[in-house]
file entry-v2.cif (mmCIF, C-alpha atoms)
data_protein
loop_
_atom_site.label_atom_id
_atom_site.label_comp_id
_atom_site.auth_asym_id
_atom_site.auth_seq_id
_atom_site.Cartn_x
_atom_site.Cartn_y
_atom_site.Cartn_z
CA MET A 380 -72.57 -87.09 44.65
CA ASN A 381 -74.15 -89.99 42.81
CA ALA A 382 -72.46 -92.30 40.33
CA ILE A 383 -75.83 -93.45 39.02
CA GLU A 384 -79.17 -91.69 39.25
CA LEU A 385 -82.30 -93.46 38.08
CA ARG A 386 -85.53 -91.51 38.13
CA ASN A 387 -88.98 -93.08 37.73
CA LEU A 388 -87.82 -95.80 35.41
CA THR A 389 -90.65 -97.86 34.00
CA LYS A 390 -90.57 -100.67 31.49
CA THR A 391 -93.54 -102.92 30.83
CA TYR A 392 -93.37 -106.43 29.48
CA PRO A 393 -96.36 -108.72 28.97
CA GLN A 394 -95.46 -110.80 32.04
CA PHE A 395 -93.49 -108.34 34.08
CA THR A 396 -93.05 -104.65 34.85
CA VAL A 397 -90.19 -102.58 36.22
CA ASP A 398 -92.36 -100.12 38.04
CA ASN A 399 -91.32 -96.52 38.64
CA VAL A 400 -87.87 -97.26 40.08
CA SER A 401 -85.79 -94.35 41.38
CA LEU A 402 -82.36 -95.31 42.68
CA ASP A 403 -79.15 -93.50 43.62
CA VAL A 404 -75.80 -95.27 43.60
CA LYS A 405 -73.45 -93.18 45.74
CA LYS A 406 -70.01 -92.29 44.49
CA GLY A 407 -67.12 -93.79 46.44
CA TYR A 408 -69.08 -96.74 47.75
CA ILE A 409 -70.08 -100.29 46.94
CA THR A 410 -73.82 -100.67 46.42
CA GLY A 411 -75.23 -104.16 46.43
CA LEU A 412 -78.29 -104.71 44.28
CA ILE A 413 -80.15 -107.70 45.66
CA GLY A 414 -83.37 -109.49 44.96
CA PRO A 415 -84.64 -112.94 43.97
CA ASN A 416 -84.21 -114.21 40.42
CA GLY A 417 -86.34 -112.54 37.79
CA VAL A 418 -87.44 -109.43 39.69
CA GLY A 419 -85.77 -106.89 37.44
CA LYS A 420 -82.14 -106.58 38.54
CA SER A 421 -80.72 -107.39 35.13
CA THR A 422 -83.41 -105.38 33.35
CA LEU A 423 -82.37 -102.34 35.41
CA ILE A 424 -78.72 -102.87 34.58
CA LYS A 425 -79.49 -103.31 30.89
CA MET A 426 -81.39 -100.04 30.96
CA MET A 427 -78.38 -98.31 32.56
CA LEU A 428 -76.20 -99.63 29.76
CA GLY A 429 -78.60 -98.63 27.01
CA MET A 430 -79.30 -102.23 26.00
CA ILE A 431 -82.99 -101.77 26.82
CA ARG A 432 -84.86 -98.51 26.34
CA PRO A 433 -87.15 -97.64 29.25
CA ASP A 434 -90.77 -96.69 28.50
CA SER A 435 -90.33 -93.65 30.71
CA GLY A 436 -87.95 -92.16 33.26
CA SER A 437 -84.41 -90.84 33.14
CA ILE A 438 -80.93 -92.23 33.70
CA LYS A 439 -77.85 -90.26 34.71
CA ILE A 440 -74.46 -91.92 34.95
CA LEU A 441 -71.41 -90.10 36.35
CA GLY A 442 -73.30 -86.83 35.95
CA ARG A 443 -74.13 -87.34 32.27
CA ASP A 444 -77.37 -88.27 30.56
CA MET A 445 -78.04 -91.69 29.17
CA PRO A 446 -78.54 -92.35 26.27
CA LYS A 447 -77.55 -88.86 25.00
CA ASP A 448 -73.92 -89.16 26.20
CA GLU A 449 -73.72 -92.91 25.87
CA VAL A 450 -70.38 -92.96 24.04
CA ASP A 451 -68.66 -90.77 26.65
CA ILE A 452 -70.23 -92.60 29.56
CA LYS A 453 -69.06 -95.96 28.34
CA GLN A 454 -65.44 -94.81 28.43
CA ASP A 455 -65.76 -94.60 32.18
CA ILE A 456 -67.73 -97.68 33.09
CA GLY A 457 -66.49 -101.22 33.28
CA ILE A 458 -68.89 -104.09 32.97
CA VAL A 459 -68.41 -107.50 34.49
CA SER A 460 -71.03 -110.11 33.90
CA ASP A 461 -71.29 -113.84 34.16
CA ASP A 462 -72.38 -113.87 30.53
CA CYS A 463 -69.28 -113.71 28.43
CA PHE A 464 -69.72 -111.28 25.57
CA TYR A 465 -66.33 -111.81 23.91
CA TYR A 466 -65.68 -113.83 20.77
CA GLU A 467 -65.21 -117.43 21.87
CA HIS A 468 -62.71 -118.41 19.17
CA LEU A 469 -60.21 -115.60 19.88
CA THR A 470 -57.33 -115.81 22.33
CA ILE A 471 -57.05 -113.43 25.25
CA ARG A 472 -54.30 -111.54 23.41
CA ASP A 473 -56.41 -111.11 20.25
CA SER A 474 -59.48 -110.11 22.25
CA LYS A 475 -57.42 -107.45 23.97
CA LYS A 476 -56.16 -106.12 20.63
CA MET A 477 -59.75 -105.71 19.58
CA ILE A 478 -61.06 -104.16 22.77
CA ALA A 479 -58.20 -101.86 23.78
CA PRO A 480 -58.48 -99.31 20.91
CA PHE A 481 -62.03 -98.48 21.99
CA TYR A 482 -60.81 -97.01 25.25
CA LYS A 483 -58.95 -93.72 25.37
CA LYS A 484 -57.46 -94.39 28.78
CA TRP A 485 -56.50 -98.03 28.18
CA ASN A 486 -53.63 -99.00 30.47
CA GLU A 487 -51.60 -101.80 28.91
CA LYS A 488 -49.29 -102.17 31.89
CA LYS A 489 -52.18 -102.63 34.23
CA PHE A 490 -53.75 -105.20 31.93
CA ASN A 491 -50.60 -107.30 31.81
CA ARG A 492 -50.24 -107.06 35.55
CA TYR A 493 -53.80 -108.30 36.09
CA LEU A 494 -53.29 -111.18 33.64
CA GLU A 495 -50.31 -112.21 35.70
CA GLN A 496 -52.11 -111.76 39.00
CA PHE A 497 -55.10 -113.79 37.77
CA GLU A 498 -52.85 -116.43 36.19
CA LEU A 499 -54.45 -115.98 32.77
CA SER A 500 -52.36 -117.01 29.79
CA PRO A 501 -52.64 -114.60 26.81
CA ASN A 502 -52.54 -117.58 24.43
CA LYS A 503 -55.66 -119.19 25.80
CA LYS A 504 -58.85 -119.05 23.78
CA ILE A 505 -61.92 -117.54 25.42
CA GLN A 506 -63.87 -120.75 24.86
CA ASP A 507 -61.27 -122.71 26.85
CA LEU A 508 -61.56 -120.47 29.91
CA SER A 509 -63.44 -121.71 32.94
CA LYS A 510 -66.31 -119.63 34.26
CA GLY A 511 -64.13 -118.12 36.96
CA MET A 512 -61.41 -117.27 34.47
CA LYS A 513 -63.92 -115.57 32.18
CA VAL A 514 -65.04 -113.36 35.06
CA LYS A 515 -61.41 -112.61 35.86
CA PHE A 516 -60.72 -111.72 32.24
CA SER A 517 -63.64 -109.32 32.02
CA LEU A 518 -62.58 -107.85 35.35
CA ALA A 519 -59.04 -107.35 33.99
CA VAL A 520 -60.48 -105.56 30.95
CA ALA A 521 -62.79 -103.39 33.08
CA LEU A 522 -59.97 -102.39 35.41
CA SER A 523 -57.49 -101.67 32.62
CA GLN A 524 -59.79 -99.17 30.94
CA GLU A 525 -59.48 -97.07 34.13
CA ALA A 526 -63.21 -97.18 34.72
CA GLN A 527 -64.56 -95.08 37.56
CA LEU A 528 -67.70 -97.12 37.83
CA LEU A 529 -67.86 -100.88 37.83
CA ILE A 530 -71.19 -102.47 37.06
CA MET A 531 -71.18 -106.12 37.99
CA ASP A 532 -74.11 -108.35 37.06
CA GLU A 533 -74.02 -111.59 39.06
CA PRO A 534 -70.21 -111.74 38.77
CA THR A 535 -69.78 -114.36 41.45
CA SER A 536 -72.60 -116.76 40.67
CA GLY A 537 -71.15 -120.07 39.61
CA LEU A 538 -67.78 -119.32 41.17
CA ASP A 539 -66.22 -121.28 43.97
CA PRO A 540 -65.66 -119.64 47.38
CA VAL A 541 -61.91 -119.26 46.86
CA PHE A 542 -62.37 -117.28 43.63
CA ARG A 543 -65.17 -115.28 45.17
CA ARG A 544 -63.08 -114.15 48.13
CA GLU A 545 -60.24 -113.16 45.82
CA ILE A 546 -62.60 -110.99 43.84
CA LEU A 547 -64.01 -109.39 46.97
CA ASP A 548 -60.47 -108.52 48.07
CA LEU A 549 -59.81 -107.01 44.68
CA LEU A 550 -62.93 -104.87 44.93
CA ALA A 551 -61.76 -103.59 48.30
CA ASP A 552 -58.49 -102.64 46.59
CA ILE A 553 -60.35 -100.68 43.94
CA MET A 554 -62.31 -98.87 46.62
CA GLN A 555 -59.10 -97.49 48.15
CA ASP A 556 -59.57 -94.73 45.59
CA GLU A 557 -62.64 -92.87 46.71
CA SER A 558 -63.50 -91.61 43.24
CA ASN A 559 -64.43 -95.16 42.27
CA SER A 560 -67.86 -96.72 42.69
CA ILE A 561 -69.22 -100.22 42.30
CA LEU A 562 -72.70 -101.52 41.62
CA PHE A 563 -72.80 -105.20 42.43
CA SER A 564 -75.89 -107.16 41.52
CA THR A 565 -76.23 -110.60 43.02
CA HIS A 566 -78.49 -113.10 44.64
CA ILE A 567 -75.58 -114.56 46.59
CA THR A 568 -75.95 -112.11 49.41
CA THR A 569 -73.15 -113.47 51.60
CA ASP A 570 -70.75 -111.64 49.28
CA LEU A 571 -72.39 -108.40 50.30
CA ASP A 572 -72.86 -109.10 54.02
CA GLN A 573 -69.25 -108.11 54.35
CA ILE A 574 -68.17 -105.57 51.80
CA ALA A 575 -71.23 -103.62 50.68
CA ASP A 576 -71.78 -100.09 51.93
CA TYR A 577 -75.32 -99.68 50.62
CA ILE A 578 -77.97 -102.25 49.86
CA ALA A 579 -80.65 -101.70 47.24
CA PHE A 580 -83.34 -104.35 47.35
CA ILE A 581 -85.53 -104.99 44.31
CA ASN A 582 -88.58 -107.21 44.48
CA ARG A 583 -91.23 -107.76 41.80
CA GLY A 584 -90.04 -104.84 39.71
CA LYS A 585 -90.10 -102.34 42.55
CA LEU A 586 -87.42 -100.86 44.78
CA VAL A 587 -88.12 -102.02 48.35
CA PHE A 588 -85.33 -100.00 49.97
CA ASN A 589 -81.92 -98.47 49.32
CA GLU A 590 -80.12 -97.91 52.62
CA VAL A 591 -76.81 -98.09 54.45
CA LYS A 592 -76.14 -101.79 54.98
CA ASP A 593 -75.32 -101.45 58.67
CA GLU A 594 -78.61 -99.66 59.28
CA VAL A 595 -80.55 -102.31 57.38
CA LEU A 596 -78.99 -105.05 59.47
CA GLU A 597 -79.76 -103.17 62.69
CA ARG A 598 -83.31 -102.25 61.78
CA PHE A 599 -84.53 -105.72 60.87
CA ALA A 600 -84.70 -108.56 63.37
CA ILE A 601 -85.59 -112.22 63.25
CA VAL A 602 -88.10 -113.14 65.93
CA LYS A 603 -88.54 -116.74 67.03
CA GLY A 604 -91.14 -118.00 69.47
CA ASP A 605 -94.27 -119.95 70.28
CA SER A 606 -97.04 -119.79 67.64
CA GLN A 607 -99.58 -119.08 70.37
CA LEU A 608 -98.21 -115.55 70.58
CA LEU A 609 -99.52 -114.80 67.10
CA ASP A 610 -102.90 -113.19 66.54
CA SER A 611 -104.06 -111.21 63.55
CA ASP A 612 -102.83 -107.85 64.94
CA ILE A 613 -99.45 -109.24 65.85
CA ARG A 614 -99.11 -110.90 62.46
CA LYS A 615 -99.38 -107.51 60.78
CA LYS A 616 -96.16 -106.43 62.49
CA PHE A 617 -94.20 -109.00 60.54
CA VAL A 618 -92.71 -108.50 57.10
CA GLY A 619 -92.78 -112.25 56.58
CA ILE A 620 -93.45 -115.21 58.78
CA ARG A 621 -92.80 -118.94 58.69
CA GLU A 622 -94.80 -121.21 60.98
CA THR A 623 -94.19 -124.82 61.83
CA ALA A 624 -95.50 -127.29 64.41
CA VAL A 625 -92.75 -126.28 66.81
CA GLY A 626 -93.11 -122.50 66.65
CA PHE A 627 -92.74 -119.53 64.38
CA GLU A 628 -89.90 -117.57 62.85
CA GLY A 629 -90.63 -114.15 61.44
CA MET A 630 -88.95 -110.94 60.46
CA VAL A 631 -89.86 -107.46 61.70
CA ASP A 632 -88.59 -104.23 60.20
CA ASN A 633 -88.56 -102.32 63.47
CA ARG A 634 -86.49 -104.14 66.04
CA GLN A 635 -87.08 -101.65 68.87
CA GLU A 636 -90.84 -101.81 68.53
CA ALA A 637 -90.76 -105.61 68.48
CA GLU A 638 -88.56 -105.72 71.56
CA LEU A 639 -91.12 -103.63 73.46
CA LEU A 640 -93.96 -105.78 72.18
CA PHE A 641 -92.55 -109.23 72.83
CA GLY A 642 -90.10 -108.60 75.67
CA ASN A 643 -88.62 -111.86 76.87
CA TYR A 644 -91.26 -114.12 75.34
CA VAL A 645 -89.32 -114.58 72.12
CA VAL A 646 -85.74 -114.82 70.90
CA PHE A 647 -84.27 -112.06 68.74
CA ASP A 648 -81.61 -112.76 66.14
CA LYS A 649 -79.56 -110.60 63.83
CA PRO A 650 -80.77 -111.24 60.27
CA SER A 651 -78.50 -111.85 57.32
CA LEU A 652 -79.23 -110.18 53.99
CA GLU A 653 -80.37 -113.58 52.79
CA GLU A 654 -83.02 -113.75 55.50
CA ILE A 655 -84.14 -110.21 54.75
CA MET A 656 -84.52 -111.19 51.11
CA TYR A 657 -86.32 -114.44 51.94
CA PHE A 658 -88.89 -113.02 54.34
CA THR A 659 -89.59 -109.94 52.24
CA ALA A 660 -90.10 -112.01 49.10
CA LYS A 661 -92.22 -114.50 51.01
CA GLY A 662 -94.28 -111.86 52.83
CA GLY A 663 -95.05 -110.07 49.61
CA ARG A 664 -95.15 -106.66 51.26
CA ILE A 665 -93.86 -104.16 48.77
CA HIS A 666 -92.62 -101.58 51.27
CA ALA A 667 -90.62 -102.99 54.12
CA MET B 1476 -52.98 -102.29 66.75
CA LYS B 1477 -54.95 -105.51 66.85
CA ILE B 1478 -58.63 -105.71 66.03
CA ILE B 1479 -60.63 -108.91 66.15
CA ILE B 1480 -64.22 -109.02 64.96
CA SER B 1481 -66.48 -111.82 66.08
CA ASN B 1482 -69.63 -112.68 64.18
CA ALA B 1483 -70.91 -114.50 67.23
CA SER B 1484 -70.84 -111.35 69.35
CA SER B 1485 -74.14 -109.62 70.02
CA ASP B 1486 -72.42 -106.23 69.73
CA PRO B 1487 -72.69 -104.58 66.32
CA ILE B 1488 -69.46 -104.65 64.35
CA TYR B 1489 -68.82 -100.93 64.68
CA VAL B 1490 -69.06 -101.17 68.48
CA GLN B 1491 -66.56 -104.02 68.51
CA ILE B 1492 -64.07 -102.03 66.44
CA LEU B 1493 -64.68 -98.86 68.45
CA ASN B 1494 -64.11 -100.59 71.79
CA GLN B 1495 -60.87 -102.18 70.66
CA ILE B 1496 -59.34 -99.02 69.23
CA ARG B 1497 -60.43 -97.04 72.27
CA GLN B 1498 -58.84 -99.63 74.53
CA SER B 1499 -55.59 -99.47 72.54
CA ILE B 1500 -55.48 -95.71 72.97
CA LEU B 1501 -56.38 -95.60 76.65
CA SER B 1502 -53.96 -98.39 77.50
CA GLY B 1503 -51.14 -96.47 75.83
CA GLU B 1504 -50.52 -99.12 73.19
CA LEU B 1505 -51.14 -96.39 70.63
CA HIS B 1506 -49.18 -93.23 71.38
CA ALA B 1507 -50.24 -89.64 70.93
CA GLY B 1508 -49.49 -88.47 67.41
CA GLU B 1509 -49.42 -91.97 65.96
CA ILE B 1510 -51.21 -92.26 62.62
CA LEU B 1511 -54.16 -94.63 62.29
CA PRO B 1512 -54.88 -96.61 59.12
CA SER B 1513 -57.09 -94.72 56.67
CA ILE B 1514 -60.83 -95.36 56.75
CA ARG B 1515 -60.61 -97.23 53.46
CA GLN B 1516 -57.53 -99.24 54.38
CA LEU B 1517 -59.09 -100.35 57.66
CA SER B 1518 -62.31 -101.30 55.92
CA LYS B 1519 -60.34 -103.41 53.46
CA ASP B 1520 -58.28 -105.11 56.17
CA LEU B 1521 -61.31 -105.91 58.30
CA GLN B 1522 -63.55 -106.66 55.29
CA VAL B 1523 -66.26 -104.36 56.50
CA SER B 1524 -68.09 -101.47 54.90
CA VAL B 1525 -66.36 -98.10 54.56
CA ILE B 1526 -69.37 -96.63 56.31
CA THR B 1527 -68.69 -98.81 59.36
CA THR B 1528 -65.10 -97.65 59.78
CA LYS B 1529 -66.10 -94.07 59.07
CA ARG B 1530 -68.62 -94.26 61.89
CA VAL B 1531 -65.95 -95.63 64.26
CA TYR B 1532 -63.56 -92.77 63.50
CA GLU B 1533 -66.29 -90.19 63.84
CA GLU B 1534 -67.19 -91.59 67.24
CA LEU B 1535 -63.53 -91.61 68.36
CA GLU B 1536 -63.20 -88.03 67.20
CA LYS B 1537 -66.26 -87.05 69.21
CA GLU B 1538 -64.68 -88.64 72.26
CA LYS B 1539 -61.58 -86.52 71.48
CA LEU B 1540 -59.42 -89.64 71.30
CA ILE B 1541 -58.31 -88.96 67.75
CA ASP B 1542 -57.88 -85.90 65.53
CA SER B 1543 -58.59 -86.04 61.86
CA VAL B 1544 -56.58 -83.80 59.57
CA VAL B 1545 -58.12 -83.32 56.14
CA GLY B 1546 -55.90 -84.83 53.47
CA LYS B 1547 -53.50 -86.35 55.98
CA GLY B 1548 -55.48 -88.90 57.95
CA CYS B 1549 -56.39 -89.62 61.55
CA PHE B 1550 -53.98 -89.34 64.46
CA VAL B 1551 -54.16 -90.38 68.07
CA SER B 1552 -54.97 -87.22 69.93
CA GLY B 1553 -52.43 -85.63 72.23
CA ALA B 1554 -55.18 -84.71 74.66
CA ASN B 1555 -54.57 -85.45 78.30
CA LYS B 1556 -55.37 -89.05 79.09
CA ASP B 1557 -56.36 -88.17 82.65
CA PHE B 1558 -58.93 -85.81 81.23
CA ILE B 1559 -60.31 -88.61 79.04
CA ARG B 1560 -60.44 -90.97 81.97
CA GLU B 1561 -62.24 -88.36 83.99
CA GLN B 1562 -64.78 -87.93 81.23
CA ARG B 1563 -65.39 -91.64 81.12
CA MET B 1564 -65.65 -91.81 84.93
CA LYS B 1565 -68.33 -89.15 84.73
CA LEU B 1566 -70.30 -91.27 82.27
CA LEU B 1567 -69.84 -94.31 84.47
CA GLU B 1568 -71.11 -92.38 87.50
CA GLU B 1569 -74.22 -91.39 85.61
CA LYS B 1570 -74.87 -95.03 84.86
CA MET B 1571 -74.26 -95.94 88.50
CA ILE B 1572 -76.79 -93.37 89.66
CA GLU B 1573 -79.25 -94.88 87.26
CA ILE B 1574 -78.58 -98.33 88.73
CA ILE B 1575 -79.04 -97.02 92.27
CA ARG B 1576 -82.40 -95.49 91.33
CA GLU B 1577 -83.54 -98.70 89.69
CA SER B 1578 -82.55 -100.79 92.69
CA LYS B 1579 -84.46 -98.39 94.97
CA ASP B 1580 -87.52 -98.94 92.80
CA LEU B 1581 -87.06 -102.66 93.38
CA SER B 1582 -86.66 -101.93 97.13
CA MET B 1583 -83.18 -103.39 97.29
CA SER B 1584 -80.95 -102.31 100.17
CA GLN B 1585 -77.53 -100.78 99.67
CA GLN B 1586 -75.96 -104.04 100.81
CA ASP B 1587 -78.14 -106.07 98.39
CA LEU B 1588 -76.88 -103.97 95.50
CA ILE B 1589 -73.23 -104.19 96.57
CA ASP B 1590 -73.53 -107.96 96.97
CA HIS B 1591 -75.08 -108.29 93.58
CA ILE B 1592 -72.42 -106.19 91.89
CA THR B 1593 -69.68 -108.13 93.68
CA LEU B 1594 -71.15 -111.35 92.37
CA LEU B 1595 -71.39 -110.06 88.81
CA PHE B 1596 -67.91 -108.60 89.00
CA GLU B 1597 -66.47 -111.98 89.93
CA GLU B 1598 -68.41 -113.74 87.22
CA GLU B 1599 -67.11 -111.27 84.66
CA GLN B 1600 -63.50 -111.94 85.70
CA THR B 1601 -63.63 -115.69 85.34
CA PRO B 1602 -63.60 -116.50 81.64
#
call {"tool": "encode", "arguments": {"input": "entry-v2.cif", "output": "structure tokens"}}
result
Amino acid sequence: MNAIELRNLTKTYPQFTVDNVSLDVKKGYITGLIGPNGVGKSTLIKMMLGMIRPDSGSIKILGRDMPKDEVDIKQDIGIVSDDCFYYEHLTIRDSKKMIAPFYKKWNEKKFNRYLEQFELSPNKKIQDLSKGMKVKFSLAVALSQEAQLLIMDEPTSGLDPVFRREILDLLADIMQDESNSILFSTHITTDLDQIADYIAFINRGKLVFNEVKDEVLERFAIVKGDSQLLDSDIRKKFVGIRETAVGFEGMVDNRQEAELLFGNYVVFDKPSLEEIMYFTAKGGRIHA
Amino acid sequence: MKIIISNASSDPIYVQILNQIRQSILSGELHAGEILPSIRQLSKDLQVSVITTKRVYEELEKEKLIDSVVGKGCFVSGANKDFIREQRMKLLEEKMIEIIRESKDLSMSQQDLIDHITLLFEEEQTP
């Protein structure tokens, strides 16, 4: 069962194209959407939310068609973004009064509980909230509308590590209910190293892969060794490679094959998502 | 039940969790019939993916160390521990036979192999 189904989405801009992206976000799991800045993560999310119309392709959210069932769909999705889209001059209490009536399943009790948990005062104006508090407020709103799907666009960028960990804990709480799903877009991949179940990697407007995170981390390997080992055939085995005067460091997408090839001549390391992103972006290969 | 995950370990996370739960069951720290934390609770507590903990429980179920009851959760299996030990001994023997064959290929004598294992055994015991 998929919470989100994108099929052959294409959108062309003069400088940039989202090219034929098909992506499934599985229900009951956290999917991390990663990629460097400006490769189409936010464009994809805006298309899911109906803020940008794709040139072609189809979007299904929670089993319903976008944009045909947009109004129904939006009852069930919560959006958290680092851009604050609330009126700056209103207090938290007044903002709530304005937002709550839009949602049929609005849970006032839950909202008040989250305000307390996040130490947000209802009397504070939106413009006086810090960046972290704004994220917490939009999270409180998203959770109080009993959303089944949370779409988070760079929610943790600009937040300090203490706030970020708190939010990650909260997401794990939400995932105790297996009917919930989360799509978490970020370039701070350390957030996802831990909690994500699936990783979808976007680069230059294309989907590079969408796989179980554990499998991704097992499949890729960082290889370090003497540059003399590299010839043109060997180079082709690497997704991306970085050479210096003291040796090379590269990433392969098939650890077993590389282990047979290099044996004990090199050192193998477990990659982080950040390294996978770095070498893939650097290598420029579209399909890892 | 205690589980400690180390990022410095070369073992994948699911293997680390699997080994520790298995050890708790075989050592008798967890009793037959005892309920294990749910897949989602464990993933939250350990801050790992749900898919990781799911894989651990599936593996433990395959080894007949736990039973999963739909809608209720996972329980430590009441299966005979001697039987489980026997199963694991069988696996160990298979590995030993493999080692013996390898050492023959390297033309090691029986005594060479025993000496080597003794050495490694001692090294393993001193932290």
call {"tool": "interface_residues", "arguments": {"input": "entry-v2.cif", "of": "chain A", "to": "chain B", "cutoff": "10 Å", "atoms": "only C-alpha atoms", "output": "ChimeraX atom specification"}}
result
/A:407-409,547-557,571-577,591-594,596-597,648-649
call {"tool": "residues_around", "arguments": {"input": "entry-v2.cif", "residues": "Ile1589 of chain B", "least_positions_apart": "5", "cutoff": "12 Å", "atoms": "all atoms listed in the file", "output": "list in words"}}
result
Met1571, Ile1574, Ile1575, Ser1578, Met1583, Ser1584, Leu1594, Leu1595 and Phe1596 of chain B
call {"tool": "closest_residue", "arguments": {"input": "entry-v2.cif", "among": "A:Leu518, A:Ile581, A:Ile456, A:Ile383", "to": "Asp398 of chain A", "atoms": "only C-alpha atoms"}}
result
A:Ile581
call {"tool": "closest_residue", "arguments": {"input": "entry-v2.cif", "among": "B:His1591, B:Ser1499, B:Leu1566, B:Leu1581", "to": "Val1551 of chain B", "atoms": "all atoms listed in the file"}}
result
B:Ser1499
call {"tool": "residues_near_point", "arguments": {"input": "entry-v2.cif", "point": "(-60.4, -92.2, 82.6)", "cutoff": "12 Å", "atoms": "only C-alpha atoms", "output": "PyMOL selection string"}}
result
chain B and resi 1497-1498+1500-1502+1538+1540+1555-1568
call {"tool": "resolve_selection", "arguments": {"input": "entry-v2.cif", "expression": "the PyMOL selection byres ((chain A and resi 519) around 12)", "output": "ChimeraX atom specification"}}
result
/A:457-459,471,475,478-479,485-499,512-518,520-526,529,546,549-550
call {"tool": "residues_around", "arguments": {"input": "entry-v2.cif", "residues": "Glu1536 of chain B", "least_positions_apart": "2", "cutoff": "12 Å", "atoms": "all atoms listed in the file", "output": "list in words"}}
result
Leu1493, Ile1496, Arg1497, Lys1529, Arg1530, Val1531, Tyr1532, Glu1533, Glu1534, Glu1538, Lys1539, Leu1540, Ile1541, Asp1542, Ser1543, Val1544, Cys1549, Phe1550, Val1551, Ser1552 and Ala1554 of chain B
call {"tool": "atom_distance", "arguments": {"input": "entry-v2.cif", "atom1": "atom CA of Ile561 of chain A", "atom2": "atom CA of Lys406 of chain A"}}
result
8.3 Å
call {"tool": "atom_distance", "arguments": {"input": "entry-v2.cif", "atom1": "atom CA of Glu628 of chain A", "atom2": "atom CA of Asp1486 of chain B"}}
result
21.9 Å
call {"tool": "atom_distance", "arguments": {"input": "entry-v2.cif", "atom1": "atom CA of Val1490 of chain B", "atom2": "atom CA of Glu590 of chain A"}}
result
19.6 Å
call {"tool": "residues_near_point", "arguments": {"input": "entry-v2.cif", "point": "(-73.9, -84.8, 40.4)", "cutoff": "8 Å", "atoms": "all atoms listed in the file", "output": "ChimeraX atom specification"}}
result
/A:380-382,441-442
call {"tool": "residues_around", "arguments": {"input": "entry-v2.cif", "residues": "Thr470 of chain A", "least_positions_apart": "5", "cutoff": "10 Å", "atoms": "only C-alpha atoms", "output": "ChimeraX atom specification"}}
result
/A:465,475-476,500-508
